[in-house]
file data.csv (CSV, C-alpha atoms)
chain,number,residue,atom,x,y,z
A,1,MET,CA,129.4,-129.8,-63.4
A,2,THR,CA,132.5,-127.8,-62.5
A,3,TYR,CA,132.5,-124.2,-61.2
A,4,GLN,CA,133.8,-123.0,-64.6
A,5,GLU,CA,131.1,-124.9,-66.5
A,6,ILE,CA,128.4,-123.5,-64.4
A,7,GLN,CA,129.6,-120.0,-64.9
A,8,ALA,CA,129.8,-120.5,-68.7
A,9,LYS,CA,126.2,-121.9,-68.7
A,10,ALA,CA,125.0,-118.9,-66.7
A,11,ARG,CA,126.1,-116.6,-69.5
A,12,ASP,CA,123.4,-118.1,-71.7
A,13,CYS,CA,120.6,-117.0,-69.4
A,14,VAL,CA,121.7,-114.1,-67.2
A,15,GLY,CA,121.7,-110.6,-68.4
A,16,PRO,CA,121.6,-108.4,-70.3
A,17,TYR,CA,123.6,-106.4,-67.7
A,18,CYS,CA,125.4,-109.2,-65.9
A,19,LYS,CA,128.1,-110.9,-68.0
A,20,SER,CA,128.8,-113.9,-65.7
A,21,CYS,CA,132.4,-112.9,-65.8
A,22,PRO,CA,135.2,-115.4,-65.0
A,23,VAL,CA,136.0,-113.0,-62.2
A,24,CYS,CA,133.1,-111.1,-60.6
A,25,ASN,CA,135.0,-107.8,-60.0
A,26,GLY,CA,132.6,-105.0,-61.2
A,27,LEU,CA,134.6,-104.0,-64.3
A,28,ALA,CA,132.3,-105.3,-67.1
A,29,CYS,CA,129.1,-104.2,-65.3
A,30,LYS,CA,130.5,-100.8,-64.2
A,31,ASN,CA,127.8,-98.2,-63.6
A,32,THR,CA,124.9,-100.5,-64.6
A,33,ILE,CA,121.8,-100.1,-62.4
A,34,PRO,CA,119.5,-101.8,-63.3
A,35,GLY,CA,122.0,-104.6,-63.3
A,36,PRO,CA,124.7,-105.8,-60.9
A,37,GLY,CA,127.0,-102.8,-61.1
A,38,ALA,CA,127.6,-100.0,-58.7
A,39,LYS,CA,126.2,-96.5,-58.3
A,40,GLY,CA,127.7,-93.4,-59.8
A,41,ILE,CA,130.9,-94.1,-61.8
A,42,GLY,CA,130.9,-97.6,-60.6
A,43,THR,CA,134.1,-97.7,-58.5
A,44,GLY,CA,132.5,-99.0,-55.3
A,45,PHE,CA,132.1,-102.6,-56.5
A,46,ILE,CA,135.5,-102.5,-58.1
A,47,ARG,CA,137.2,-101.2,-55.0
A,48,ASN,CA,135.5,-103.8,-52.7
A,49,TYR,CA,136.9,-106.6,-54.8
A,50,GLN,CA,140.4,-105.1,-55.4
A,51,LYS,CA,141.2,-104.4,-51.8
A,52,TRP,CA,140.7,-108.1,-50.8
A,53,GLN,CA,143.2,-109.0,-53.6
A,54,GLU,CA,145.8,-106.5,-52.3
A,55,LEU,CA,146.0,-108.3,-49.0
A,56,CYS,CA,148.5,-111.1,-48.7
A,57,VAL,CA,148.6,-113.9,-46.1
A,58,ASN,CA,151.5,-115.2,-44.0
A,59,MET,CA,152.3,-118.9,-44.6
A,60,ASP,CA,153.4,-120.9,-41.6
A,61,THR,CA,153.4,-124.7,-41.6
A,62,ILE,CA,155.5,-125.2,-38.6
A,63,CYS,CA,152.6,-126.3,-36.4
A,64,GLU,CA,150.7,-129.4,-35.3
A,65,ASN,CA,149.4,-131.5,-38.2
A,66,LYS,CA,145.7,-132.0,-37.6
A,67,PRO,CA,142.4,-131.5,-39.4
A,68,VAL,CA,141.0,-128.1,-40.0
A,69,ASP,CA,137.6,-127.2,-38.5
A,70,THR,CA,135.7,-124.5,-40.4
A,71,SER,CA,132.4,-124.8,-38.4
A,72,PHE,CA,130.8,-121.7,-36.9
A,73,ASP,CA,128.0,-121.1,-34.4
A,74,PHE,CA,125.7,-118.5,-35.7
A,75,PHE,CA,123.1,-117.5,-33.1
A,76,GLY,CA,122.6,-121.0,-32.0
A,77,ARG,CA,122.7,-122.5,-35.5
A,78,LYS,CA,125.9,-124.5,-36.3
A,79,VAL,CA,127.0,-124.0,-39.9
A,80,ALA,CA,129.7,-125.7,-41.9
A,81,LEU,CA,131.6,-122.6,-42.6
A,82,PRO,CA,131.2,-118.9,-41.8
A,83,VAL,CA,129.7,-118.0,-45.1
A,84,PHE,CA,126.2,-116.9,-45.9
A,85,ALA,CA,124.4,-116.0,-49.1
A,86,ALA,CA,123.6,-112.3,-49.1
A,87,PRO,CA,120.1,-110.9,-49.6
A,88,LEU,CA,119.3,-110.1,-53.2
A,89,GLY,CA,116.1,-108.8,-54.8
A,90,ALA,CA,114.5,-107.7,-58.0
A,91,LEU,CA,116.1,-110.6,-59.8
A,92,THR,CA,114.3,-110.1,-63.1
A,93,LEU,CA,115.2,-106.4,-63.2
A,94,HIS,CA,118.9,-106.8,-62.5
A,95,TYR,CA,119.8,-110.3,-63.7
A,96,GLY,CA,117.2,-111.5,-66.3
A,97,ASP,CA,113.9,-113.1,-66.4
A,98,LYS,CA,114.8,-116.8,-65.7
A,99,TYR,CA,114.0,-116.4,-62.0
A,100,SER,CA,111.6,-114.3,-60.0
A,101,ASP,CA,112.6,-113.5,-56.4
A,102,LEU,CA,110.4,-116.2,-55.1
A,103,ALA,CA,111.8,-118.8,-57.5
A,104,TYR,CA,115.3,-117.9,-56.7
A,105,ASN,CA,114.7,-118.1,-52.9
A,106,GLU,CA,113.0,-121.5,-53.4
A,107,ILE,CA,116.3,-122.8,-54.8
A,108,LEU,CA,118.7,-120.8,-52.6
A,109,VAL,CA,117.3,-121.3,-49.1
A,110,PRO,CA,117.1,-125.1,-49.2
A,111,ALA,CA,120.3,-125.5,-51.2
A,112,CYS,CA,122.2,-123.4,-48.7
A,113,ALA,CA,120.7,-125.4,-45.8
A,114,GLU,CA,121.6,-128.7,-47.4
A,115,ASN,CA,125.2,-127.7,-47.9
A,116,GLY,CA,125.7,-126.5,-44.3
A,117,ILE,CA,125.3,-122.7,-44.6
A,118,ALA,CA,122.3,-120.4,-44.5
A,119,ALA,CA,120.8,-117.7,-46.8
A,120,PHE,CA,119.8,-114.1,-46.1
A,121,THR,CA,116.6,-113.4,-48.2
A,122,GLY,CA,115.8,-110.0,-49.7
A,123,ASP,CA,112.9,-107.6,-49.7
A,124,GLY,CA,111.3,-105.5,-52.4
A,125,THR,CA,108.7,-102.9,-53.3
A,126,ASP,CA,106.4,-105.8,-54.2
A,127,PRO,CA,104.9,-107.2,-50.9
A,128,THR,CA,104.8,-110.7,-52.4
A,129,VAL,CA,108.7,-110.8,-52.3
A,130,MET,CA,108.8,-110.8,-48.5
A,131,GLN,CA,105.7,-113.0,-48.3
A,132,GLY,CA,107.4,-115.6,-50.5
A,133,ALA,CA,110.6,-115.4,-48.5
A,134,ALA,CA,108.7,-116.1,-45.3
A,135,GLN,CA,107.0,-119.1,-46.9
A,136,VAL,CA,110.3,-120.5,-48.1
A,137,LEU,CA,111.9,-120.0,-44.7
A,138,ALA,CA,109.0,-121.6,-42.9
A,139,LYS,CA,109.2,-124.7,-45.3
A,140,ASN,CA,112.9,-125.1,-44.4
A,141,GLY,CA,112.7,-124.9,-40.7
A,142,GLY,CA,113.5,-121.2,-40.5
A,143,CYS,CA,117.0,-121.8,-41.8
A,144,GLY,CA,117.8,-118.3,-43.0
A,145,VAL,CA,117.7,-114.6,-42.2
A,146,PRO,CA,115.0,-112.5,-43.7
A,147,THR,CA,116.2,-109.0,-44.5
A,148,ILE,CA,113.9,-106.0,-44.4
A,149,LYS,CA,114.3,-102.7,-46.1
A,150,PRO,CA,114.2,-99.5,-43.9
A,151,TRP,CA,110.6,-98.7,-44.8
A,152,ASN,CA,108.4,-96.5,-42.6
A,153,MET,CA,107.8,-97.9,-39.1
A,154,GLU,CA,104.3,-99.2,-39.8
A,155,THR,CA,105.5,-101.3,-42.8
A,156,ILE,CA,108.5,-102.6,-40.9
A,157,LYS,CA,106.2,-103.8,-38.1
A,158,GLU,CA,104.0,-105.6,-40.6
A,159,LYS,CA,106.9,-107.3,-42.3
A,160,LEU,CA,108.4,-108.3,-39.0
A,161,ASP,CA,105.2,-110.0,-37.9
A,162,LEU,CA,105.1,-111.8,-41.2
A,163,VAL,CA,108.7,-113.2,-41.1
A,164,LYS,CA,108.6,-114.0,-37.3
A,165,ALA,CA,105.9,-116.6,-38.1
A,166,ALA,CA,108.6,-118.5,-40.1
A,167,ASP,CA,110.7,-118.7,-37.0
A,168,PRO,CA,114.0,-117.7,-38.5
A,169,PHE,CA,117.1,-117.8,-36.2
A,170,ALA,CA,117.7,-114.1,-36.8
A,171,ILE,CA,116.3,-111.1,-38.7
A,172,ALA,CA,118.2,-108.4,-40.5
A,173,MET,CA,117.7,-104.9,-41.9
A,174,ASP,CA,119.8,-103.5,-44.7
A,175,ILE,CA,119.7,-100.0,-43.2
A,176,ASP,CA,121.7,-98.6,-46.2
A,177,GLY,CA,118.9,-99.6,-48.5
A,178,ALA,CA,117.7,-96.1,-48.0
A,179,GLY,CA,120.1,-95.1,-50.7
A,180,LEU,CA,119.0,-97.6,-53.4
A,181,PRO,CA,118.1,-95.6,-56.5
A,182,PHE,CA,115.0,-97.7,-57.3
A,183,LEU,CA,113.6,-97.1,-53.8
A,184,LYS,CA,113.5,-93.4,-54.2
A,185,ASN,CA,110.0,-91.9,-54.1
A,186,MET,CA,108.4,-95.3,-53.6
A,187,THR,CA,105.4,-96.2,-51.4
A,188,PRO,CA,105.9,-97.1,-48.6
A,189,PRO,CA,108.9,-94.7,-48.2
A,190,ALA,CA,112.3,-96.0,-47.2
A,191,GLY,CA,114.8,-93.9,-45.3
A,192,SER,CA,117.3,-93.6,-42.5
A,193,LYS,CA,116.4,-94.6,-38.9
A,194,THR,CA,117.4,-93.1,-35.6
A,195,VAL,CA,118.9,-95.1,-32.7
A,196,GLU,CA,115.5,-94.8,-30.9
A,197,GLU,CA,113.6,-96.1,-33.9
A,198,LEU,CA,116.0,-99.0,-34.2
A,199,GLN,CA,115.5,-99.8,-30.5
A,200,GLN,CA,111.8,-100.1,-31.2
A,201,ILE,CA,112.4,-102.3,-34.3
A,202,VAL,CA,114.8,-104.5,-32.2
A,203,ALA,CA,112.0,-104.9,-29.6
A,204,TRP,CA,109.5,-105.8,-32.3
A,205,ALA,CA,111.8,-108.4,-33.9
A,206,GLU,CA,112.0,-110.6,-30.8
A,207,LYS,CA,114.9,-112.4,-32.5
A,208,PRO,CA,118.6,-111.6,-32.8
A,209,PHE,CA,118.6,-108.5,-35.0
A,210,ILE,CA,121.4,-107.8,-37.5
A,211,LEU,CA,122.0,-104.3,-39.1
A,212,LYS,CA,123.5,-104.5,-42.5
A,213,GLY,CA,125.2,-101.4,-44.0
A,214,ILE,CA,127.7,-100.4,-41.3
A,215,MET,CA,130.8,-98.6,-42.6
A,216,THR,CA,132.1,-96.6,-39.7
A,217,VAL,CA,133.1,-97.1,-36.0
A,218,ALA,CA,130.4,-94.6,-35.1
A,219,GLY,CA,127.8,-96.6,-37.0
A,220,ALA,CA,128.8,-99.8,-35.4
A,221,GLN,CA,128.6,-98.2,-31.9
A,222,LYS,CA,125.1,-96.8,-32.7
A,223,ALA,CA,124.0,-100.3,-33.9
A,224,LEU,CA,125.2,-101.7,-30.6
A,225,GLU,CA,123.4,-98.9,-28.6
A,226,ALA,CA,120.2,-99.8,-30.6
A,227,GLY,CA,120.4,-103.4,-29.3
A,228,ALA,CA,121.5,-105.1,-32.5
A,229,LYS,CA,123.2,-108.5,-31.9
A,230,GLY,CA,125.1,-108.3,-35.1
A,231,ILE,CA,126.2,-106.0,-38.0
A,232,VAL,CA,127.2,-106.5,-41.6
A,233,VAL,CA,130.1,-104.2,-42.6
A,234,SER,CA,128.7,-103.4,-46.0
A,235,ASN,CA,128.4,-100.6,-48.6
A,236,HIS,CA,125.7,-102.6,-50.4
A,237,GLY,CA,128.1,-103.7,-53.0
A,238,GLY,CA,128.8,-100.1,-54.0
A,239,ARG,CA,125.1,-99.7,-55.0
A,240,VAL,CA,124.0,-96.9,-52.6
A,241,LEU,CA,126.8,-94.4,-52.5
A,242,ASP,CA,129.7,-93.7,-54.8
A,243,GLN,CA,133.3,-93.0,-53.7
A,244,CYS,CA,133.1,-95.1,-50.4
A,245,PRO,CA,136.0,-96.9,-49.0
A,246,SER,CA,135.9,-100.7,-49.4
A,247,THR,CA,134.7,-102.9,-46.6
A,248,ALA,CA,138.2,-104.4,-46.2
A,249,GLU,CA,139.5,-101.0,-45.4
A,250,VAL,CA,137.0,-100.1,-42.7
A,251,LEU,CA,136.6,-103.6,-41.1
A,252,PRO,CA,139.7,-103.7,-38.8
A,253,ALA,CA,138.7,-100.5,-36.9
A,254,ILE,CA,135.1,-101.6,-36.6
A,255,ALA,CA,136.2,-105.0,-35.3
A,256,ASP,CA,138.5,-103.3,-32.8
A,257,ALA,CA,135.6,-101.1,-31.5
A,258,VAL,CA,132.8,-103.7,-31.2
A,259,GLY,CA,134.4,-107.1,-31.6
A,260,GLY,CA,133.3,-109.5,-28.9
A,261,LYS,CA,130.2,-107.3,-28.1
A,262,MET,CA,128.3,-108.3,-31.2
A,263,THR,CA,128.6,-110.6,-34.2
A,264,ILE,CA,130.5,-109.0,-37.1
A,265,LEU,CA,129.8,-110.0,-40.7
A,266,VAL,CA,131.2,-108.4,-43.8
A,267,ASP,CA,130.4,-108.5,-47.5
A,268,GLY,CA,131.5,-106.7,-50.7
A,269,GLY,CA,133.8,-108.3,-53.3
A,270,ILE,CA,134.4,-111.6,-51.3
A,271,ARG,CA,134.7,-114.4,-53.9
A,272,SER,CA,137.0,-117.2,-52.6
A,273,GLY,CA,137.8,-119.1,-49.5
A,274,MET,CA,141.1,-117.2,-49.4
A,275,ASP,CA,139.0,-113.9,-49.2
A,276,VAL,CA,136.9,-115.4,-46.4
A,277,PHE,CA,140.1,-116.2,-44.5
A,278,LYS,CA,141.3,-112.6,-44.9
A,279,ALA,CA,138.0,-111.2,-43.7
A,280,LEU,CA,138.2,-113.4,-40.6
A,281,ALA,CA,141.8,-112.4,-39.9
A,282,LEU,CA,140.8,-108.7,-40.1
A,283,GLY,CA,138.2,-109.2,-37.4
A,284,ALA,CA,135.0,-110.5,-39.0
A,285,ASP,CA,133.1,-113.5,-37.6
A,286,GLY,CA,131.7,-114.4,-40.9
A,287,VAL,CA,131.0,-113.2,-44.4
A,288,LEU,CA,128.1,-112.6,-46.9
A,289,ILE,CA,128.5,-113.3,-50.6
A,290,GLY,CA,125.9,-112.1,-53.1
A,291,ARG,CA,126.5,-111.8,-56.8
A,292,PRO,CA,128.3,-115.2,-57.3
A,293,PHE,CA,125.3,-117.1,-56.0
A,294,ILE,CA,123.3,-115.5,-58.8
A,295,ASN,CA,125.6,-117.0,-61.4
A,296,MET,CA,125.7,-120.4,-59.7
A,297,ILE,CA,121.9,-120.6,-59.6
A,298,TYR,CA,121.3,-119.2,-63.1
A,299,GLY,CA,123.9,-121.7,-64.4
A,300,ALA,CA,122.9,-124.9,-62.5
A,301,GLY,CA,120.2,-124.3,-59.8
A,302,ALA,CA,120.8,-126.1,-56.5
A,303,GLU,CA,123.8,-127.9,-58.0
A,304,GLY,CA,125.5,-124.5,-58.5
A,305,VAL,CA,125.1,-123.7,-54.8
A,306,LYS,CA,126.6,-127.1,-53.8
A,307,VAL,CA,129.6,-126.6,-56.1
A,308,TYR,CA,130.3,-123.1,-54.9
A,309,VAL,CA,130.0,-123.9,-51.2
A,310,GLU,CA,132.3,-126.9,-51.6
A,311,LYS,CA,134.8,-124.7,-53.5
A,312,LEU,CA,134.7,-122.0,-50.8
A,313,LYS,CA,135.1,-124.6,-48.0
A,314,ALA,CA,138.1,-126.3,-49.7
A,315,GLU,CA,139.8,-123.0,-50.3
A,316,LEU,CA,139.2,-121.9,-46.7
A,317,GLU,CA,140.5,-125.2,-45.3
A,318,ASP,CA,143.6,-125.0,-47.5
A,319,THR,CA,144.4,-121.4,-46.5
A,320,MET,CA,143.9,-122.2,-42.8
A,321,ALA,CA,146.1,-125.2,-42.9
A,322,MET,CA,148.9,-123.4,-44.8
A,323,CYS,CA,148.8,-120.5,-42.3
A,324,GLY,CA,148.7,-122.6,-39.2
A,325,ALA,CA,145.1,-122.1,-38.1
A,326,HIS,CA,143.2,-125.3,-37.3
A,327,SER,CA,139.9,-123.6,-36.2
A,328,LEU,CA,138.3,-120.2,-36.8
A,329,ALA,CA,139.4,-119.1,-33.4
A,330,ASP,CA,143.0,-119.6,-34.4
A,331,ILE,CA,142.8,-117.1,-37.3
A,332,LYS,CA,144.6,-113.9,-36.2
A,333,ARG,CA,145.3,-110.5,-37.8
A,334,SER,CA,149.0,-111.3,-37.7
A,335,MET,CA,148.3,-113.9,-40.4
A,336,ILE,CA,147.8,-111.0,-42.8
A,337,TYR,CA,151.1,-109.6,-44.2
A,338,GLY,CA,151.8,-106.1,-42.8
A,339,TYR,CA,149.6,-106.4,-39.7

call {"tool": "encode", "arguments": {"input": "data.csv", "output": "structure tokens"}}
result
Amino acid sequence: MTYQEIQAKARDCVGPYCKSCPVCNGLACKNTIPGPGAKGIGTGFIRNYQKWQELCVNMDTICENKPVDTSFDFFGRKVALPVFAAPLGALTLHYGDKYSDLAYNEILVPACAENGIAAFTGDGTDPTVMQGAAQVLAKNGGCGVPTIKPWNMETIKEKLDLVKAADPFAIAMDIDGAGLPFLKNMTPPAGSKTVEELQQIVAWAEKPFILKGIMTVAGAQKALEAGAKGIVVSNHGGRVLDQCPSTAEVLPAIADAVGGKMTILVDGGIRSGMDVFKALALGADGVLIGRPFINMIYGAGAEGVKVYVEKLKAELEDTMAMCGAHSLADIKRSMIYGY
């Protein structure tokens, strides 16, 4: 099946909120939670997508003619390209009842591994979500990154112990999950964490720890102080706070502040290999992509993951070659017009 055929097939089984749009840009699902949209008036998702499209790349083919290498070393795990499936949860609530979180992860995690990348798995109010994620990761040699919500410290410790048994190569926390509407007034409670609390969590993790939900230089510096080995520049797809800047807008300053001191990932509206190139040029080491993987799996299961990863890789290779970059290290900010 082609990418377009898979998207079309997904429209028959995803929803009612997600429309499996030809372009996943937040317009059709604006202000739909439950659903894939953004919080408030829904502009966060739209802005994330739009700002990547406003960036232009500088073409330069006066260079050595040799193959392009998109491989990336991610905490000791070599991946085929610097792209990861973002953590997603509450699938039946937001995307329809074809897949539970466990069923989705059972397809996503091995399919990503087979196609040379890795998946971040999500968390939820139902304890079986993280239990299932840990089981899937264990069955696939720990090839993935379990992502824990910012619950109370006791619950975080329990979940860390659970996922460590699966021996993942890193563990993440979406610290901005404290703002998710459906986590309000839940038991156990979710909420913000101090640097000191995060230092304790990092010690408990005993794995490279990644903090997802960083949108300021100050936040990145606090993550570094807490001992995180990586961050994800992310506003949770616009789902936790309205009227935020896009991730593309804040990424360069964050990369200038902590680049080289920790691994920097970014998400939010990234859809193509061209978008991946732009993110790397602005200072990211890699990217996370969320909503499109939903459509690929709902439309064609593991085949959808394969088709999408191949599409991203081909687009990234083409952009790199046409801009004179033969490895990820060759990608520079000067390859973006105006920088």

call {"tool": "closest_residue", "arguments": {"input": "data.csv", "among": "A:Tyr17, A:Phe277, A:Tyr308, A:Phe209", "to": "Asp97 of chain A", "atoms": "only C-alpha atoms"}}
result
A:Tyr17

call {"tool": "residues_around", "arguments": {"input": "data.csv", "residues": "Lys19 of chain A", "least_positions_apart": "6", "cutoff": "9 Å", "atoms": "only C-alpha atoms", "output": "MDAnalysis selection string"}}
result
chainID A and resid 10:11 28:29

call {"tool": "closest_residue", "arguments": {"input": "data.csv", "among": "A:Glu225, A:Glu249, A:Asp242, A:Asp123", "to": "Gly177 of chain A", "atoms": "only C-alpha atoms"}}
result
A:Asp123

call {"tool": "atom_distance", "arguments": {"input": "data.csv", "atom1": "atom CA of Ala218 of chain A", "atom2": "atom CA of Pro82 of chain A"}}
result
25.2 Å

call {"tool": "atom_distance", "arguments": {"input": "data.csv", "atom1": "atom CA of Asn295 of chain A", "atom2": "atom CA of Arg271 of chain A"}}
result
12.1 Å

call {"tool": "residues_around", "arguments": {"input": "data.csv", "residues": "Val266 of chain A", "least_positions_apart": "3", "cutoff": "9 Å", "atoms": "all atoms listed in the file", "output": "ChimeraX atom specification"}}
result
/A:212,231-234,247-248,251,270,279,284-289

call {"tool": "residues_around", "arguments": {"input": "data.csv", "residues": "Gln135 of chain A", "least_positions_apart": "4", "cutoff": "12 Å", "atoms": "all atoms listed in the file", "output": "PyMOL selection string"}}
result
chain A and resi 102-103+105-106+109-110+121+128-131+139-144+146+162-168

call {"tool": "residues_around", "arguments": {"input": "data.csv", "residues": "segment 315-317 of chain A", "least_positions_apart": "3", "cutoff": "9 Å", "atoms": "all atoms listed in the file", "output": "ChimeraX atom specification"}}
result
/A:67-70,81,272-277,310-312,320-322,326

call {"tool": "closest_residue", "arguments": {"input": "data.csv", "among": "A:Gln53, A:Asn65, A:Asn235, A:Thr43", "to": "Ile336 of chain A", "atoms": "only C-alpha atoms"}}
result
A:Gln53

call {"tool": "atom_distance", "arguments": {"input": "data.csv", "atom1": "atom CA of Met335 of chain A", "atom2": "atom CA of Lys306 of chain A"}}
result
28.7 Å

call {"tool": "residues_around", "arguments": {"input": "data.csv", "residues": "Lys332 of chain A", "least_positions_apart": "4", "cutoff": "8 Å", "atoms": "only C-alpha atoms", "output": "list in words"}}
result
Leu280, Ala281, Leu282 and Ile336 of chain A

call {"tool": "decode", "arguments": {"input": "data.csv", "residues": "segment 164-172 of chain A", "atoms": "all heavy atoms", "output": "PDB file, in the first residue's frame"}}
result
ATOM      1  N   LYS A 164      12.028  -0.525  34.374  1.00  0.00           N
ATOM      2  CA  LYS A 164      13.455  -0.883  34.386  1.00  0.00           C
ATOM      3  C   LYS A 164      13.654  -2.373  34.148  1.00  0.00           C
ATOM      4  O   LYS A 164      14.670  -2.787  33.573  1.00  0.00           O
ATOM      5  CB  LYS A 164      14.105  -0.466  35.707  1.00  0.00           C
ATOM      6  CG  LYS A 164      14.433   1.021  35.786  1.00  0.00           C
ATOM      7  CD  LYS A 164      15.346   1.341  36.961  1.00  0.00           C
ATOM      8  CE  LYS A 164      14.676   1.101  38.295  1.00  0.00           C
ATOM      9  NZ  LYS A 164      15.549   1.493  39.428  1.00  0.00           N
ATOM     10  N   ALA A 165      12.696  -3.176  34.569  1.00  0.00           N
ATOM     11  CA  ALA A 165      12.790  -4.618  34.366  1.00  0.00           C
ATOM     12  C   ALA A 165      12.787  -4.990  32.885  1.00  0.00           C
ATOM     13  O   ALA A 165      13.274  -6.059  32.504  1.00  0.00           O
ATOM     14  CB  ALA A 165      11.641  -5.322  35.090  1.00  0.00           C
ATOM     15  N   ALA A 166      12.248  -4.099  32.033  1.00  0.00           N
ATOM     16  CA  ALA A 166      12.243  -4.337  30.589  1.00  0.00           C
ATOM     17  C   ALA A 166      13.563  -3.949  29.939  1.00  0.00           C
ATOM     18  O   ALA A 166      13.769  -4.201  28.753  1.00  0.00           O
ATOM     19  CB  ALA A 166      11.106  -3.553  29.940  1.00  0.00           C
ATOM     20  N   ASP A 167      14.468  -3.332  30.705  1.00  0.00           N
ATOM     21  CA  ASP A 167      15.795  -2.913  30.247  1.00  0.00           C
ATOM     22  C   ASP A 167      15.752  -2.021  29.009  1.00  0.00           C
ATOM     23  O   ASP A 167      16.447  -2.272  28.019  1.00  0.00           O
ATOM     24  CB  ASP A 167      16.667  -4.147  29.967  1.00  0.00           C
ATOM     25  CG  ASP A 167      18.150  -3.788  29.872  1.00  0.00           C
ATOM     26  OD1 ASP A 167      18.553  -2.780  30.495  1.00  0.00           O
ATOM     27  OD2 ASP A 167      18.888  -4.511  29.182  1.00  0.00           O
ATOM     28  N   PRO A 168      14.954  -0.941  29.047  1.00  0.00           N
ATOM     29  CA  PRO A 168      14.980   0.008  27.925  1.00  0.00           C
ATOM     30  C   PRO A 168      16.291   0.770  27.912  1.00  0.00           C
ATOM     31  O   PRO A 168      16.989   0.841  28.923  1.00  0.00           O
ATOM     32  CB  PRO A 168      13.809   0.947  28.243  1.00  0.00           C
ATOM     33  CG  PRO A 168      13.749   0.939  29.739  1.00  0.00           C
ATOM     34  CD  PRO A 168      14.110  -0.462  30.154  1.00  0.00           C
ATOM     35  N   PHE A 169      16.659   1.357  26.768  1.00  0.00           N
ATOM     36  CA  PHE A 169      17.931   2.069  26.705  1.00  0.00           C
ATOM     37  C   PHE A 169      17.823   3.488  27.241  1.00  0.00           C
ATOM     38  O   PHE A 169      18.823   4.161  27.425  1.00  0.00           O
ATOM     39  CB  PHE A 169      18.535   2.063  25.304  1.00  0.00           C
ATOM     40  CG  PHE A 169      17.621   2.492  24.195  1.00  0.00           C
ATOM     41  CD1 PHE A 169      17.428   3.819  23.910  1.00  0.00           C
ATOM     42  CD2 PHE A 169      16.967   1.538  23.420  1.00  0.00           C
ATOM     43  CE1 PHE A 169      16.607   4.211  22.871  1.00  0.00           C
ATOM     44  CE2 PHE A 169      16.139   1.919  22.385  1.00  0.00           C
ATOM     45  CZ  PHE A 169      15.951   3.262  22.102  1.00  0.00           C
ATOM     46  N   ALA A 170      16.606   3.942  27.535  1.00  0.00           N
ATOM     47  CA  ALA A 170      16.391   5.237  28.176  1.00  0.00           C
ATOM     48  C   ALA A 170      14.979   5.236  28.746  1.00  0.00           C
ATOM     49  O   ALA A 170      14.141   4.413  28.381  1.00  0.00           O
ATOM     50  CB  ALA A 170      16.572   6.386  27.184  1.00  0.00           C
ATOM     51  N   ILE A 171      14.724   6.174  29.659  1.00  0.00           N
ATOM     52  CA  ILE A 171      13.401   6.351  30.251  1.00  0.00           C
ATOM     53  C   ILE A 171      13.069   7.836  30.182  1.00  0.00           C
ATOM     54  O   ILE A 171      13.940   8.682  30.369  1.00  0.00           O
ATOM     55  CB  ILE A 171      13.365   5.858  31.711  1.00  0.00           C
ATOM     56  CG1 ILE A 171      13.645   4.352  31.776  1.00  0.00           C
ATOM     57  CG2 ILE A 171      12.013   6.172  32.365  1.00  0.00           C
ATOM     58  CD1 ILE A 171      13.781   3.816  33.197  1.00  0.00           C
ATOM     59  N   ALA A 172      11.811   8.141  29.910  1.00  0.00           N
ATOM     60  CA  ALA A 172      11.405   9.541  29.771  1.00  0.00           C
ATOM     61  C   ALA A 172      10.259   9.886  30.719  1.00  0.00           C
ATOM     62  O   ALA A 172       9.577   9.002  31.240  1.00  0.00           O
ATOM     63  CB  ALA A 172      10.985   9.829  28.328  1.00  0.00           C
TER      64      ALA A 172
END
